[in-house]
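Trainee: Let me begin by handing over the structure; questions about it come next.
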Amino acid sequence: MKWLWRYSPLLLLAAAWQLVSYFDLVSSTALPPLSDVIRAWIDMIKDGEILSNGAASLIRLGAGLGLSIAIGAVLGIGMAWWKPVNILLAPIVEIFYPLPKSALIPVTVIWLGFGDSSKILLIFLGCMLPVTLGAFNGARASEQVLVWSARSMGAGRLRMLWDVVVPSALPELLNGIRTAIALSFILLVSSELIVARSGFGYLIGFLGANGTYDAMYAVVFTVAFLGFAADRIYLLLVQRMLSWRQ
Amino acid sequence: MTLPELALRFLRSVSFAGARVFSIVLLAALWEALARSGVVTHFQLPALSEVIERIWSDGVSGDLWINTGLTLYRAMVGFAIAAAGGIVLGMAMSRLALARWFFDPIISVGFPMPKIAFLPVVILWLGVFDISKITMIVFDAIFPVVAATVIAIQGVERELIWSARNMGANERELLWQIVLPAALPQIMTGLQVALPISLIVAVVTEMLMGGYGLGGAMITASRFANSTGVFAGIVEIAIVGYALVKAMALIRRRLLIWHQEANAPTTV
């Protein structure tokens with residue numbers, strides 16, 4: 001009940017949407033009634049259009065994000081742990097961090113064409129730096145006292161890395177991954193809108209060009225909802241993982 | 001400290017500064033070498049020297065300045081509207097219960113959404129010109145500002161507000177002289193998140209809608225399979241992004257010079 005009250009403004013907006021198009025206050029091409037959008041969504045679920053394109057998108061997203069998390073975390077912790085790595089990589093990270101990642105879209109297309117691999121590369125390149133920076137800041141701030149006491153207890157260098165530095169880097173690292181998840185959806189959709197033959201972005205562009213706007217709205221809201229759901233699920237997982245920190 | 005020790009320390013500090021430039025020079029040299037070696041085709045990776053030549057000729061012909069100017073104009077107008085609107089909305093949400101009730105779920109649901117998916121809807125409503133690009137930028141950049149402002153104002157210490165009230169400050173003085181300055185560091189953080197978003201969205205909208213602008217020029221070059229143009233675009237956009245982020249960090253240090261964090265090292 002409390003939950004319903006909290007999200008009631010969203011229901012209000014949905015009702016306003018339905019009423020506005022019901023009374024023809026705006027043209028129904030610009031804003032098809034919510035009921036039509038829902039009907040179009042159910043139809044697309046039934047004929048599998050949204051599922052097959054969605055699967056294509058989510059595979060790209062998962063592959064790119066997985067790579068960026070694995071490699072980004074290793075790079076970031078490496079930068080904090082070994083000085084030479086830091087000296088070599090820090091200036092490069094500093095240059096590429098502010099680069100608007102969407103500028104990479106045409107480059108990945110030149111390298112890998114129009115298929116899956118160019119999107120995976122784009123998401124990987126775009127999402128790696130937030131993860132790297134999170135891991136670096138977290139690992140750098142790992143408490144010197146912990147490192148010393150581990151060393152005095154005879155922990156080896158690698159053992160220490162795994163048992164002390166990685167856990168204390170975790171909160172910031174997980175924060176960096178959250179940024180990366182949000183970014184990955186943006187990159188996925190924009191690259192699919194620009195060049196693709198399957199996926200959510202492709203479907204949105206295709207339906208828009210066909211003028212079936214109710215279906216286009218359905219896909220737009222599906223993507224938006226997935227981005228939101230991914231963030232919420234991730235937050236729940238993080239709370240689980242960090243429960244030892246109290 | 002003996003002389004050799006001093007010399008060593010000096011050498012170390014020089015090599016530290018050198019190392020920063022070193023890896024960038026190394027990257028540039030690798031690029032040039034790889035492009036000339038024939039391992040990759042000219043289409044996949046044009047030589048850096050060619051890319052720089054291309055940027056130079058764009059600069060001479062004036063295209064570079066038109067495109068950079070337009071992209072910056074869209075990104076900055078969008079950013080300014082998002083910043084002003086976001087701070088006002090954030091303040092309203094922290095003071096008025098009605099505004100909080102209405103906007104809180106919208107912000108918390110809308111923040112993690114990939115707003116770029118709404119681009120075709122915005123094109124449908126507003127066309128493909130500046131107005132829809134700027135609308136899209138505002139739509140994307142306003143969320144971090146609102147969220148940061150709400151959190152910042154919540155975080156202002158009660159004691160500060162009580163003592164100001166106690167000393168007879170009225171509501172307006174309280175807002176301008178106590179609450180906003182105390183909330184400024186976190187609001188600035190929100191703005192620093194919003195600025196790169198503005199630029200990302202500016203570039204994407206230009207790519208999708210075509211026309212002038214750095215993103216538009218890149219996508220045109222890519223349609224004509226002109227990879228030198230694409231790489232020139234990426235270097236130009238990288239420089240603009242770097243300059244903007246650095247400028248923002250500078251403004252932050254200036255504005256927050258009274259705050260203890262001004263001495264703290266920055267991450268980006």
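By order of appearance in the structure tokens: chains A, B, ..., then residues from 1 within every chain, and ligands from 1 in the order shown.
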Neighbouring residues of Glu172 in chain A were defined as those with any atom within 10 Å, considering only C-alpha atoms; residues of the same chain fewer than 5 positions away were excluded. Please report them as a PyMOL selection string.

Mentor: chain A and resi 131+133-139+141+177-178

Trainee: Can you work out which residues from chain B touch chain A at a cut-off of 8 Å (counting only C-alpha atoms) and hand them back as a ChimeraX atom specification?

Mentor: /B:16,19-24,43-44,101-103,105-106,109-118,120-121,124-125,196-197,199-201,203-204,207-208,215,218-219,222,227,230-231,233-234,237-239,241-242,245,267-268

Trainee: Record the distance separating CA of Val166 in chain A and CA of Ala73 in chain A, expressed in Å with one decimal.

Mentor: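 Between CA of Val166 in chain A and CA of Ala73 in chain A the gap works out to 9.5 Å.
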
Trainee: Mind pulling up the distance from CA of Ala183 in chain B to CA of Val77 in chain B?

Mentor: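 Calculated distance between CA of Val77 in chain B and CA of Ala183 in chain B is 23.7 Å.
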
Trainee: Enter the distance from CA of Phe143 in chain B to CA of Ala99 in chain B, in Å, rounded to one decimal.

Mentor: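 According to the coordinates, CA of Phe143 in chain B and CA of Ala99 in chain B are separated by 15.2 Å.
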
Trainee: Fewer than 6 positions away in the same chain doesn't count, so skip those; otherwise give me all residues within 10 Å of range 84-92 of chain B, counting only C-alpha atoms, as JSON, numbers by chain.

Mentor: {"B": [98, 99, 100, 103, 104, 138, 141, 142, 143, 144, 145, 146, 147, 148, 149, 150, 151, 152, 153, 154, 175, 179, 180, 187, 190, 191]}

Trainee: Could those residues be written to a file, using C-alpha atoms, as a CSV table (one decimal), in the first residue's frame?

Mentor:
chain,number,residue,atom,x,y,z
B,98,LEU,CA,3.8,18.2,-3.0
B,99,ALA,CA,6.7,18.5,-5.3
B,100,ARG,CA,8.5,15.8,-3.5
B,103,PHE,CA,8.7,14.1,-8.7
B,104,ASP,CA,10.4,11.6,-6.4
B,138,VAL,CA,18.2,18.5,-21.1
B,141,ALA,CA,21.4,15.7,-18.1
B,142,ILE,CA,18.7,16.9,-15.7
B,143,PHE,CA,18.4,13.7,-13.6
B,144,PRO,CA,21.9,13.7,-12.0
B,145,VAL,CA,21.5,17.4,-11.2
B,146,VAL,CA,18.1,16.9,-9.5
B,147,ALA,CA,19.3,13.9,-7.6
B,148,ALA,CA,22.5,15.6,-6.4
B,149,THR,CA,20.6,18.7,-5.3
B,150,VAL,CA,18.1,16.8,-3.3
B,151,ILE,CA,20.8,14.8,-1.5
B,152,ALA,CA,22.9,17.8,-1.0
B,153,ILE,CA,20.2,19.9,0.6
B,154,GLN,CA,19.2,16.9,2.8
B,175,LEU,CA,18.4,29.7,1.5
B,179,VAL,CA,21.7,26.1,2.5
B,180,LEU,CA,22.9,26.7,-1.0
B,187,ILE,CA,25.5,20.0,-6.4
B,190,GLY,CA,26.0,16.4,-10.0
B,191,LEU,CA,26.9,19.1,-12.5

Trainee: Skipping near chain neighbours, those fewer than 2 positions away, what residues fall within 7 Å of Cys127 in chain A using only C-alpha atoms, listed as a list of chain:residue names?

Mentor: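 Here the answer would be A:Leu65, A:Ser68, A:Ile123, A:Phe124, A:Leu125, A:Leu129, A:Pro130, A:Val131, A:Ala180, A:Leu183, A:Ser184.
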
Trainee: Hey, which of B:Met167, B:Leu11, B:Ala182, B:Ile251 ends up closest to Gly155 in chain B? Count only C-alpha atoms.

Mentor: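 Closest residue, counting only C-alpha atoms: B:Ala182.
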
Trainee: If DSSP is run on the backbone, what residues of range 95-238 of chain B are helix (DSSP H, G or I)? A reply as a short mmCIF file (atom, residue, chain, number, x, y, z; two decimals) with N, CA and C atoms, in the first residue's frame would be ideal.

Mentor:
data_model
loop_
_atom_site.label_atom_id
_atom_site.label_comp_id
_atom_site.auth_asym_id
_atom_site.auth_seq_id
_atom_site.Cartn_x
_atom_site.Cartn_y
_atom_site.Cartn_z
N ARG B 95 11.81 21.31 -0.44
CA ARG B 95 11.06 22.23 0.41
C ARG B 95 9.56 21.99 0.40
N ALA B 97 6.36 19.52 0.01
CA ALA B 97 5.99 18.11 0.11
C ALA B 97 5.30 17.63 -1.17
N LEU B 98 4.49 18.53 -1.77
CA LEU B 98 3.76 18.15 -2.96
C LEU B 98 4.73 17.86 -4.11
N ALA B 99 5.71 18.73 -4.28
CA ALA B 99 6.69 18.53 -5.35
C ALA B 99 7.47 17.25 -5.10
N ARG B 100 7.78 16.97 -3.85
CA ARG B 100 8.53 15.76 -3.54
C ARG B 100 7.70 14.52 -3.88
N TRP B 101 6.41 14.58 -3.48
CA TRP B 101 5.54 13.43 -3.73
C TRP B 101 5.46 13.15 -5.24
N PHE B 102 5.32 14.23 -6.03
CA PHE B 102 5.11 14.04 -7.46
C PHE B 102 6.40 13.64 -8.18
N PHE B 103 7.51 14.32 -7.87
CA PHE B 103 8.71 14.12 -8.70
C PHE B 103 9.61 13.00 -8.20
N ASP B 104 9.50 12.65 -6.92
CA ASP B 104 10.43 11.64 -6.39
C ASP B 104 10.39 10.32 -7.15
N PRO B 105 9.20 9.72 -7.40
CA PRO B 105 9.20 8.47 -8.17
C PRO B 105 9.65 8.68 -9.61
N ILE B 106 9.33 9.85 -10.18
CA ILE B 106 9.73 10.09 -11.57
C ILE B 106 11.25 10.13 -11.68
N ILE B 107 11.88 10.82 -10.71
CA ILE B 107 13.34 10.91 -10.75
C ILE B 107 13.97 9.54 -10.51
N SER B 108 13.45 8.81 -9.51
CA SER B 108 14.12 7.56 -9.16
C SER B 108 13.91 6.49 -10.22
N VAL B 109 12.79 6.55 -10.94
CA VAL B 109 12.59 5.60 -12.04
C VAL B 109 13.30 6.08 -13.30
N GLY B 110 13.26 7.41 -13.52
CA GLY B 110 13.81 7.94 -14.77
C GLY B 110 15.32 7.99 -14.80
N LYS B 115 17.64 7.09 -21.47
CA LYS B 115 16.73 8.08 -22.05
C LYS B 115 16.90 8.21 -23.56
N ILE B 116 18.07 7.77 -24.04
CA ILE B 116 18.35 7.93 -25.46
C ILE B 116 17.34 7.15 -26.30
N ALA B 117 16.72 6.13 -25.70
CA ALA B 117 15.72 5.34 -26.42
C ALA B 117 14.51 6.19 -26.80
N PHE B 118 14.32 7.31 -26.07
CA PHE B 118 13.17 8.18 -26.38
C PHE B 118 13.45 9.12 -27.55
N LEU B 119 14.66 9.04 -28.08
CA LEU B 119 15.05 9.97 -29.16
C LEU B 119 14.07 9.95 -30.34
N PRO B 120 13.66 8.76 -30.85
CA PRO B 120 12.71 8.78 -31.96
C PRO B 120 11.39 9.46 -31.59
N VAL B 121 10.97 9.34 -30.32
CA VAL B 121 9.75 10.00 -29.88
C VAL B 121 9.94 11.52 -29.93
N VAL B 122 11.10 11.97 -29.46
CA VAL B 122 11.36 13.42 -29.46
C VAL B 122 11.44 13.93 -30.90
N ILE B 123 12.04 13.13 -31.80
CA ILE B 123 12.09 13.54 -33.21
C ILE B 123 10.67 13.64 -33.76
N LEU B 124 9.85 12.68 -33.39
CA LEU B 124 8.46 12.67 -33.85
C LEU B 124 7.74 13.94 -33.42
N TRP B 125 8.03 14.40 -32.21
CA TRP B 125 7.34 15.58 -31.69
C TRP B 125 7.93 16.88 -32.19
N LEU B 126 9.26 16.93 -32.21
CA LEU B 126 9.90 18.24 -32.38
C LEU B 126 10.72 18.36 -33.64
N ASP B 130 17.75 21.84 -33.96
CA ASP B 130 18.38 22.11 -32.67
C ASP B 130 17.44 21.88 -31.50
N ILE B 131 16.18 22.25 -31.65
CA ILE B 131 15.26 22.20 -30.52
C ILE B 131 15.15 20.77 -29.99
N SER B 132 15.08 19.77 -30.89
CA SER B 132 14.94 18.41 -30.38
C SER B 132 16.27 17.89 -29.83
N LYS B 133 17.39 18.33 -30.43
CA LYS B 133 18.69 17.92 -29.87
C LYS B 133 18.86 18.45 -28.46
N ILE B 134 18.53 19.74 -28.30
CA ILE B 134 18.70 20.35 -26.98
C ILE B 134 17.72 19.74 -25.97
N THR B 135 16.48 19.48 -26.42
CA THR B 135 15.52 18.84 -25.52
C THR B 135 16.05 17.51 -25.02
N MET B 136 16.61 16.74 -25.94
CA MET B 136 17.16 15.42 -25.58
C MET B 136 18.29 15.57 -24.56
N ILE B 137 19.15 16.59 -24.77
CA ILE B 137 20.27 16.80 -23.84
C ILE B 137 19.74 17.16 -22.46
N VAL B 138 18.74 18.06 -22.42
CA VAL B 138 18.18 18.46 -21.12
C VAL B 138 17.56 17.24 -20.44
N PHE B 139 16.81 16.46 -21.20
CA PHE B 139 16.13 15.28 -20.68
C PHE B 139 17.12 14.30 -20.04
N ASP B 140 18.31 14.18 -20.65
CA ASP B 140 19.30 13.25 -20.14
C ASP B 140 20.11 13.82 -18.99
N ALA B 141 20.41 15.12 -19.08
CA ALA B 141 21.38 15.69 -18.13
C ALA B 141 20.72 16.18 -16.84
N ILE B 142 19.38 16.31 -16.84
CA ILE B 142 18.75 16.94 -15.68
C ILE B 142 18.69 16.00 -14.48
N PHE B 143 18.62 14.68 -14.74
CA PHE B 143 18.44 13.73 -13.64
C PHE B 143 19.57 13.76 -12.60
N PRO B 144 20.84 13.68 -13.04
CA PRO B 144 21.89 13.72 -12.01
C PRO B 144 21.89 15.03 -11.23
N VAL B 145 21.51 16.14 -11.86
CA VAL B 145 21.51 17.43 -11.15
C VAL B 145 20.43 17.43 -10.08
N VAL B 146 19.21 16.98 -10.44
CA VAL B 146 18.13 16.95 -9.46
C VAL B 146 18.50 16.04 -8.29
N ALA B 147 18.99 14.83 -8.63
CA ALA B 147 19.30 13.87 -7.57
C ALA B 147 20.37 14.44 -6.64
N ALA B 148 21.41 15.04 -7.22
CA ALA B 148 22.49 15.58 -6.40
C ALA B 148 21.99 16.73 -5.53
N THR B 149 21.13 17.59 -6.10
CA THR B 149 20.63 18.74 -5.33
C THR B 149 19.79 18.28 -4.14
N VAL B 150 18.91 17.30 -4.38
CA VAL B 150 18.07 16.81 -3.28
C VAL B 150 18.94 16.23 -2.16
N ILE B 151 19.91 15.38 -2.56
CA ILE B 151 20.77 14.76 -1.55
C ILE B 151 21.60 15.82 -0.83
N ALA B 152 22.08 16.81 -1.60
CA ALA B 152 22.93 17.85 -1.02
C ALA B 152 22.17 18.65 0.02
N ILE B 153 20.92 19.04 -0.31
CA ILE B 153 20.17 19.87 0.63
C ILE B 153 19.77 19.07 1.86
N GLN B 154 19.45 17.78 1.65
CA GLN B 154 19.16 16.92 2.81
C GLN B 154 20.36 16.83 3.74
N ARG B 158 21.90 20.18 10.34
CA ARG B 158 20.79 20.82 11.06
C ARG B 158 21.31 21.97 11.92
N GLU B 159 22.47 21.77 12.54
CA GLU B 159 23.00 22.79 13.46
C GLU B 159 23.20 24.11 12.74
N LEU B 160 23.68 24.02 11.47
CA LEU B 160 23.90 25.24 10.70
C LEU B 160 22.60 26.00 10.53
N ILE B 161 21.54 25.26 10.19
CA ILE B 161 20.25 25.91 9.93
C ILE B 161 19.68 26.47 11.22
N TRP B 162 19.77 25.66 12.30
CA TRP B 162 19.25 26.13 13.59
C TRP B 162 19.95 27.39 14.03
N SER B 163 21.28 27.39 13.94
CA SER B 163 21.97 28.56 14.47
C SER B 163 21.69 29.79 13.61
N ALA B 164 21.53 29.57 12.28
CA ALA B 164 21.20 30.71 11.43
C ALA B 164 19.83 31.27 11.80
N ARG B 165 18.87 30.36 12.04
CA ARG B 165 17.52 30.79 12.42
C ARG B 165 17.57 31.53 13.75
N ASN B 166 18.38 30.97 14.63
CA ASN B 166 18.52 31.53 15.96
C ASN B 166 19.05 32.95 15.91
N GLU B 171 13.83 33.34 5.82
CA GLU B 171 13.89 32.16 4.93
C GLU B 171 14.78 32.41 3.73
N ARG B 172 14.68 33.63 3.14
CA ARG B 172 15.46 33.91 1.94
C ARG B 172 16.96 33.92 2.25
N GLU B 173 17.32 34.57 3.36
CA GLU B 173 18.74 34.60 3.75
C GLU B 173 19.24 33.19 4.03
N LEU B 174 18.36 32.43 4.68
CA LEU B 174 18.73 31.06 5.03
C LEU B 174 19.07 30.28 3.76
N LEU B 175 18.22 30.46 2.73
CA LEU B 175 18.43 29.72 1.48
C LEU B 175 19.73 30.15 0.81
N TRP B 176 19.89 31.47 0.63
CA TRP B 176 21.01 31.94 -0.18
C TRP B 176 22.34 31.91 0.56
N GLN B 177 22.29 32.13 1.88
CA GLN B 177 23.56 32.27 2.59
C GLN B 177 23.96 31.01 3.34
N ILE B 178 23.02 30.13 3.62
CA ILE B 178 23.37 28.92 4.39
C ILE B 178 23.19 27.66 3.54
N VAL B 179 21.96 27.43 3.10
CA VAL B 179 21.65 26.12 2.51
C VAL B 179 22.40 25.92 1.19
N LEU B 180 22.30 26.91 0.29
CA LEU B 180 22.93 26.71 -1.02
C LEU B 180 24.45 26.60 -0.93
N PRO B 181 25.14 27.50 -0.20
CA PRO B 181 26.59 27.32 -0.11
C PRO B 181 26.98 25.98 0.49
N ALA B 182 26.25 25.56 1.54
CA ALA B 182 26.61 24.30 2.18
C ALA B 182 26.35 23.12 1.26
N ALA B 183 25.36 23.27 0.36
CA ALA B 183 25.02 22.17 -0.54
C ALA B 183 25.87 22.19 -1.80
N LEU B 184 26.60 23.29 -2.03
CA LEU B 184 27.28 23.48 -3.30
C LEU B 184 28.24 22.35 -3.71
N PRO B 185 29.06 21.81 -2.78
CA PRO B 185 29.99 20.76 -3.24
C PRO B 185 29.27 19.60 -3.92
N GLN B 186 28.17 19.12 -3.31
CA GLN B 186 27.47 17.98 -3.90
C GLN B 186 26.74 18.35 -5.17
N ILE B 187 26.20 19.59 -5.21
CA ILE B 187 25.53 20.03 -6.43
C ILE B 187 26.54 20.08 -7.57
N MET B 188 27.75 20.57 -7.26
CA MET B 188 28.80 20.61 -8.28
C MET B 188 29.12 19.21 -8.79
N THR B 189 29.12 18.23 -7.87
CA THR B 189 29.37 16.85 -8.31
C THR B 189 28.32 16.41 -9.31
N GLY B 190 27.05 16.76 -9.02
CA GLY B 190 25.98 16.44 -9.96
C GLY B 190 26.21 17.10 -11.31
N LEU B 191 26.65 18.37 -11.28
CA LEU B 191 26.92 19.08 -12.54
C LEU B 191 28.06 18.42 -13.28
N GLN B 192 29.05 17.93 -12.52
CA GLN B 192 30.19 17.29 -13.18
C GLN B 192 29.81 15.96 -13.82
N VAL B 193 28.75 15.33 -13.29
CA VAL B 193 28.24 14.13 -13.95
C VAL B 193 27.44 14.52 -15.20
N ALA B 194 26.69 15.64 -15.07
CA ALA B 194 25.79 16.03 -16.15
C ALA B 194 26.54 16.54 -17.37
N LEU B 195 27.70 17.16 -17.16
CA LEU B 195 28.41 17.77 -18.29
C LEU B 195 28.85 16.75 -19.35
N PRO B 196 29.55 15.67 -18.97
CA PRO B 196 29.90 14.68 -20.00
C PRO B 196 28.67 14.06 -20.65
N ILE B 197 27.58 13.88 -19.87
CA ILE B 197 26.35 13.34 -20.45
C ILE B 197 25.85 14.27 -21.55
N SER B 198 25.90 15.60 -21.28
CA SER B 198 25.44 16.55 -22.29
C SER B 198 26.20 16.36 -23.59
N LEU B 199 27.51 16.18 -23.47
CA LEU B 199 28.33 16.05 -24.67
C LEU B 199 28.06 14.72 -25.39
N ILE B 200 27.92 13.63 -24.60
CA ILE B 200 27.61 12.33 -25.21
C ILE B 200 26.33 12.42 -26.00
N VAL B 201 25.29 13.00 -25.38
CA VAL B 201 23.99 13.06 -26.04
C VAL B 201 24.05 14.00 -27.24
N ALA B 202 24.79 15.12 -27.11
CA ALA B 202 24.92 16.03 -28.25
C ALA B 202 25.50 15.28 -29.45
N VAL B 203 26.55 14.49 -29.21
CA VAL B 203 27.19 13.76 -30.31
C VAL B 203 26.24 12.71 -30.89
N VAL B 204 25.55 11.95 -30.01
CA VAL B 204 24.65 10.91 -30.52
C VAL B 204 23.51 11.51 -31.34
N THR B 205 22.90 12.59 -30.81
CA THR B 205 21.77 13.17 -31.55
C THR B 205 22.25 13.69 -32.90
N GLU B 206 23.45 14.27 -32.94
CA GLU B 206 23.97 14.74 -34.23
C GLU B 206 24.19 13.58 -35.19
N MET B 207 24.68 12.47 -34.62
CA MET B 207 24.90 11.31 -35.48
C MET B 207 23.58 10.80 -36.05
N LEU B 208 22.53 10.80 -35.22
CA LEU B 208 21.27 10.23 -35.67
C LEU B 208 20.47 11.16 -36.55
N MET B 209 20.63 12.47 -36.33
CA MET B 209 19.80 13.40 -37.09
C MET B 209 20.57 14.02 -38.24
N LEU B 214 30.03 18.12 -34.73
CA LEU B 214 31.12 17.14 -34.78
C LEU B 214 30.59 15.74 -35.02
N GLY B 215 29.49 15.38 -34.34
CA GLY B 215 28.92 14.04 -34.53
C GLY B 215 28.38 13.87 -35.94
N GLY B 216 27.72 14.90 -36.45
CA GLY B 216 27.18 14.85 -37.80
C GLY B 216 28.30 14.67 -38.83
N ALA B 217 29.39 15.42 -38.63
CA ALA B 217 30.52 15.33 -39.57
C ALA B 217 31.10 13.92 -39.55
N MET B 218 31.16 13.32 -38.34
CA MET B 218 31.71 11.96 -38.24
C MET B 218 30.86 10.95 -38.99
N ILE B 219 29.54 11.06 -38.82
CA ILE B 219 28.67 10.06 -39.43
C ILE B 219 28.64 10.26 -40.95
N THR B 220 28.75 11.52 -41.41
CA THR B 220 28.83 11.76 -42.84
C THR B 220 30.10 11.12 -43.40
N ALA B 221 31.22 11.35 -42.70
CA ALA B 221 32.49 10.76 -43.15
C ALA B 221 32.37 9.24 -43.20
N SER B 222 31.69 8.66 -42.20
CA SER B 222 31.59 7.21 -42.16
C SER B 222 30.69 6.68 -43.29
N ARG B 223 29.65 7.44 -43.66
CA ARG B 223 28.80 7.03 -44.78
C ARG B 223 29.58 7.01 -46.08
N SER B 227 37.54 7.05 -43.70
CA SER B 227 37.91 6.75 -42.33
C SER B 227 38.84 7.80 -41.74
N THR B 228 39.59 8.52 -42.59
CA THR B 228 40.41 9.62 -42.07
C THR B 228 39.50 10.64 -41.39
N GLY B 229 38.36 10.92 -42.03
CA GLY B 229 37.42 11.87 -41.45
C GLY B 229 36.86 11.37 -40.13
N VAL B 230 36.58 10.06 -40.03
CA VAL B 230 36.05 9.49 -38.80
C VAL B 230 37.07 9.63 -37.67
N PHE B 231 38.32 9.29 -37.96
CA PHE B 231 39.33 9.38 -36.90
C PHE B 231 39.62 10.83 -36.53
N ALA B 232 39.57 11.72 -37.54
CA ALA B 232 39.74 13.15 -37.23
C ALA B 232 38.63 13.58 -36.28
N GLY B 233 37.40 13.11 -36.54
CA GLY B 233 36.28 13.46 -35.68
C GLY B 233 36.50 12.99 -34.25
N ILE B 234 37.02 11.77 -34.11
CA ILE B 234 37.19 11.25 -32.75
C ILE B 234 38.24 12.06 -32.00
N VAL B 235 39.32 12.45 -32.70
CA VAL B 235 40.35 13.26 -32.03
C VAL B 235 39.76 14.61 -31.63
N GLU B 236 38.98 15.21 -32.54
CA GLU B 236 38.39 16.52 -32.23
C GLU B 236 37.44 16.42 -31.04
N ILE B 237 36.59 15.39 -31.05
CA ILE B 237 35.62 15.25 -29.95
C ILE B 237 36.35 14.97 -28.63
N ALA B 238 37.43 14.18 -28.72
CA ALA B 238 38.20 13.89 -27.51
C ALA B 238 38.77 15.17 -26.92
#

Trainee: Skip Asp214 in chain A itself and residues of its chain fewer than 6 positions away, then list as an mmCIF file with N, CA and C atoms, in the first residue's frame all residues within 7 Å of it, counting only C-alpha atoms.

Mentor:
data_model
loop_
_atom_site.group_PDB
_atom_site.id
_atom_site.type_symbol
_atom_site.label_atom_id
_atom_site.label_comp_id
_atom_site.auth_asym_id
_atom_site.auth_seq_id
_atom_site.Cartn_x
_atom_site.Cartn_y
_atom_site.Cartn_z
ATOM 1 N N PRO A 32 0.098 7.933 -29.406
ATOM 2 C CA PRO A 32 -0.984 6.947 -29.453
ATOM 3 C C PRO A 32 -1.450 6.635 -28.034
ATOM 4 N N ASP A 36 -3.455 1.386 -26.729
ATOM 5 C CA ASP A 36 -2.940 0.872 -27.997
ATOM 6 C C ASP A 36 -1.497 0.391 -27.848
ATOM 7 N N VAL A 37 -0.727 1.162 -27.084
ATOM 8 C CA VAL A 37 0.683 0.799 -26.900
ATOM 9 C C VAL A 37 0.781 -0.551 -26.198
ATOM 10 N N ALA A 40 -0.139 -3.274 -28.612
ATOM 11 C CA ALA A 40 0.955 -3.517 -29.557
ATOM 12 C C ALA A 40 2.071 -4.325 -28.888
#
